[in-house]
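A.B. asks: Quick one: this structure, given as structure tokens, is what I'll be asking you about.
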Amino acid sequence: MSFVYLGLGSNLGNKHANLKRAISALDERVGNLVKCSSFYRTLPEGFVSERMFLNAVAVFETTLPPEDVLRQTEQIEKELGRIKKSIDKIYTDRCIDIDILFYDDIILHTESLIIPHPLLHQRRFVLEPLKEIAPHLVHPILKEDVVSLCEHLTK
């Protein structure tokens with residue numbers, strides 16, 4: 001069994017329901033939900049929008065390999081109404097976004113998937129909920145725990 005940490009976000013429609021439906025679908029298709037953070041209201045990052053986000057981080061115990069987890073998250077996004085993924089870091093409003101943050105302590109870089117998520121250490125909307133559920137989780141590249149990564153954001 002492996003542990004996969006997923007970041008979730010929504011800023012369209014019923015954001016709370018969108019996150020709940022995504023977590024439920026992930027629990028059915030990816031693996032057993034181990035823990036989920038509180039839901040955090042956050043400002044959009046990387047683009048301008050009038051719509052606030054609701055963000056969370058959840059950890060699942062899974063037997064799926066990383067690429068299969070990615071396929072499941074993309075399918076769940078489509079089923080919940082996500083029309084397109086961000087392309088070339090051009091972000092837009094979205095009903096649901098699911099990102100693989102960590103998969104155990106592996107480091108993976110393929111054409112379709114990078115683990116750990118390459119921007120997670122720069123994103124408060126990821127680190128704060130992650131700190132709630134896994135404060136001592138160590139980033140396998142940066143060799144710092146989540147608490148330390150959060151502290152860097154305030155400097």
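Please note that chains go A, B, ... in the order of the structure tokens, that every chain numbers its residues from 1, and that ligands are numbered from 1 in the order shown.
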For region 15-26 of chain A, work out the shell of residues within 7 Å, counting only C-alpha atoms and skipping chain neighbours fewer than 6 positions away, then give it as an mmCIF file with C-alpha atoms, in the first residue's frame.

C.D. replies:
data_model
loop_
_atom_site.group_PDB
_atom_site.id
_atom_site.type_symbol
_atom_site.label_atom_id
_atom_site.label_comp_id
_atom_site.auth_asym_id
_atom_site.auth_seq_id
_atom_site.Cartn_x
_atom_site.Cartn_y
_atom_site.Cartn_z
ATOM 1 C CA LEU A 8 -8.268 19.771 -4.298
ATOM 2 C CA LEU A 54 -12.265 26.417 -1.546
ATOM 3 C CA ILE A 76 -13.213 12.455 -11.870
ATOM 4 C CA CYS A 95 -15.422 23.574 -10.699
ATOM 5 C CA ILE A 96 -12.815 21.062 -9.556
#

A.B. asks: Sorted by chain and rising residue number, which residues of region 28-78 of chain A lie within 10 Å of region 131-147 of chain A, and what are their closest atom pairs and distances in Å to one decimal, counting only C-alpha atoms, as a Markdown table?

C.D. replies:
| residue | atom | partner | partner_atom | distance |
| --- | --- | --- | --- | --- |
| A:Val34 | CA | A:Ile133 | CA | 9.8 |
| A:Lys35 | CA | A:Ile133 | CA | 6.8 |
| A:Cys36 | CA | A:Ile133 | CA | 6.9 |
| A:Ser37 | CA | A:Ile133 | CA | 5.9 |
| A:Ser38 | CA | A:Glu132 | CA | 7.9 |
| A:Ala56 | CA | A:Glu132 | CA | 9.9 |
| A:Val57 | CA | A:Ile133 | CA | 8.0 |
| A:Ala58 | CA | A:Ile133 | CA | 8.0 |
| A:Val59 | CA | A:Ile133 | CA | 8.4 |

A.B. asks: Given the selection you just returned, output its residues as a file containing C-alpha atoms, formatted as a compact mmCIF listing (two decimals), in the first residue's frame.

C.D. replies:
# COMPACT_ATOMS: atom_id res chain seq x y z
CA VAL A 34 -7.09 8.25 5.41
CA LYS A 35 -7.51 11.91 6.32
CA CYS A 36 -8.83 15.13 4.86
CA SER A 37 -8.04 18.68 5.90
CA SER A 38 -10.56 21.35 6.64
CA ALA A 56 -8.35 21.02 0.78
CA VAL A 57 -5.74 18.29 0.92
CA ALA A 58 -6.62 14.63 1.37
CA VAL A 59 -4.47 11.54 1.76

A.B. asks: Quick one: residues within 9 Å of Phe102 (chain A), only C-alpha atoms counted, chain neighbours fewer than 6 positions away excluded, as a list in words?

C.D. replies: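 Residues meeting the cut-off are Phe3, Val4, Tyr5, Leu6, Ile115, Pro116, His117, His139 and Pro140 of chain A.
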
A.B. asks: Nearest to Val126 (chain A): which of A:Cys150, A:Ile106, A:Leu113, A:Leu33 is it, counting only C-alpha atoms?

C.D. replies: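 Of A:Cys150, A:Ile106, A:Leu113, A:Leu33, the one nearest Val126 (chain A) is A:Cys150, counting only C-alpha atoms.
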
A.B. asks: Nearest residue to Glu45 (chain A) out of A:Thr62, A:Gln122, A:Thr110, A:Gln75, using only C-alpha atoms?

C.D. replies: A:Gln122

A.B. asks: From the list A:Ser10, A:Thr92, A:Ser112, A:Asn32, which residue is nearest Leu70 (chain A) when using only C-alpha atoms?

C.D. replies: A:Ser112

A.B. asks: Restricting the calculation to only C-alpha atoms, which member of A:Leu43, A:Ile107, A:Leu153, A:Val30 is positioned closest to Glu74 (chain A)?

C.D. replies: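 The closest residue to Glu74 (chain A) is A:Val30.
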
A.B. asks: State, in Å with one decimal place, the distance from CA of Leu127 (chain A) to CA of Met52 (chain A).

C.D. replies: 17.4 Å

A.B. asks: Mind checking DSSP for region 17-143 of chain A and telling me the strand (DSSP E or B) residues as a PyMOL selection string?

C.D. replies: chain A and resi 32-36+40-42+53-62+87+90+97-103+108-109+114-115+138

A.B. asks: Export C-alpha atoms of the chosen residues as a PDB file, in the first residue's frame?

C.D. replies:
ATOM      1  CA  ASN A  32      -9.308   4.514   1.156  1.00  0.00           C
ATOM      2  CA  LEU A  33      -9.500   8.049   2.476  1.00  0.00           C
ATOM      3  CA  VAL A  34      -7.091   8.247   5.413  1.00  0.00           C
ATOM      4  CA  LYS A  35      -7.505  11.906   6.320  1.00  0.00           C
ATOM      5  CA  CYS A  36      -8.833  15.132   4.857  1.00  0.00           C
ATOM      6  CA  TYR A  40      -9.891  26.649   3.250  1.00  0.00           C
ATOM      7  CA  ARG A  41     -11.220  29.777   1.534  1.00  0.00           C
ATOM      8  CA  THR A  42      -8.431  31.249  -0.566  1.00  0.00           C
ATOM      9  CA  PHE A  53     -11.508  29.152  -3.995  1.00  0.00           C
ATOM     10  CA  LEU A  54     -12.265  26.417  -1.546  1.00  0.00           C
ATOM     11  CA  ASN A  55      -9.195  24.198  -1.110  1.00  0.00           C
ATOM     12  CA  ALA A  56      -8.352  21.024   0.778  1.00  0.00           C
ATOM     13  CA  VAL A  57      -5.743  18.289   0.923  1.00  0.00           C
ATOM     14  CA  ALA A  58      -6.622  14.626   1.373  1.00  0.00           C
ATOM     15  CA  VAL A  59      -4.469  11.538   1.760  1.00  0.00           C
ATOM     16  CA  PHE A  60      -5.531   8.160   0.416  1.00  0.00           C
ATOM     17  CA  GLU A  61      -4.099   4.697   0.900  1.00  0.00           C
ATOM     18  CA  THR A  62      -3.841   3.150  -2.562  1.00  0.00           C
ATOM     19  CA  ILE A  87      -2.169  24.739 -20.296  1.00  0.00           C
ATOM     20  CA  ILE A  90      -2.568  29.630 -17.890  1.00  0.00           C
ATOM     21  CA  ASP A  97      -9.069  20.673  -9.671  1.00  0.00           C
ATOM     22  CA  ILE A  98      -7.235  17.639  -8.314  1.00  0.00           C
ATOM     23  CA  ASP A  99      -3.447  17.594  -8.159  1.00  0.00           C
ATOM     24  CA  ILE A 100      -1.116  14.833  -7.032  1.00  0.00           C
ATOM     25  CA  LEU A 101       1.133  16.435  -4.430  1.00  0.00           C
ATOM     26  CA  PHE A 102       3.070  13.452  -3.069  1.00  0.00           C
ATOM     27  CA  TYR A 103       3.025   9.717  -3.657  1.00  0.00           C
ATOM     28  CA  LEU A 108       8.906  11.021 -10.630  1.00  0.00           C
ATOM     29  CA  HIS A 109       9.268  13.116 -13.749  1.00  0.00           C
ATOM     30  CA  ILE A 114       5.733  15.236 -11.946  1.00  0.00           C
ATOM     31  CA  ILE A 115       5.845  14.080  -8.308  1.00  0.00           C
ATOM     32  CA  VAL A 138       9.146  15.588   4.357  1.00  0.00           C
TER      33      VAL A 138
END
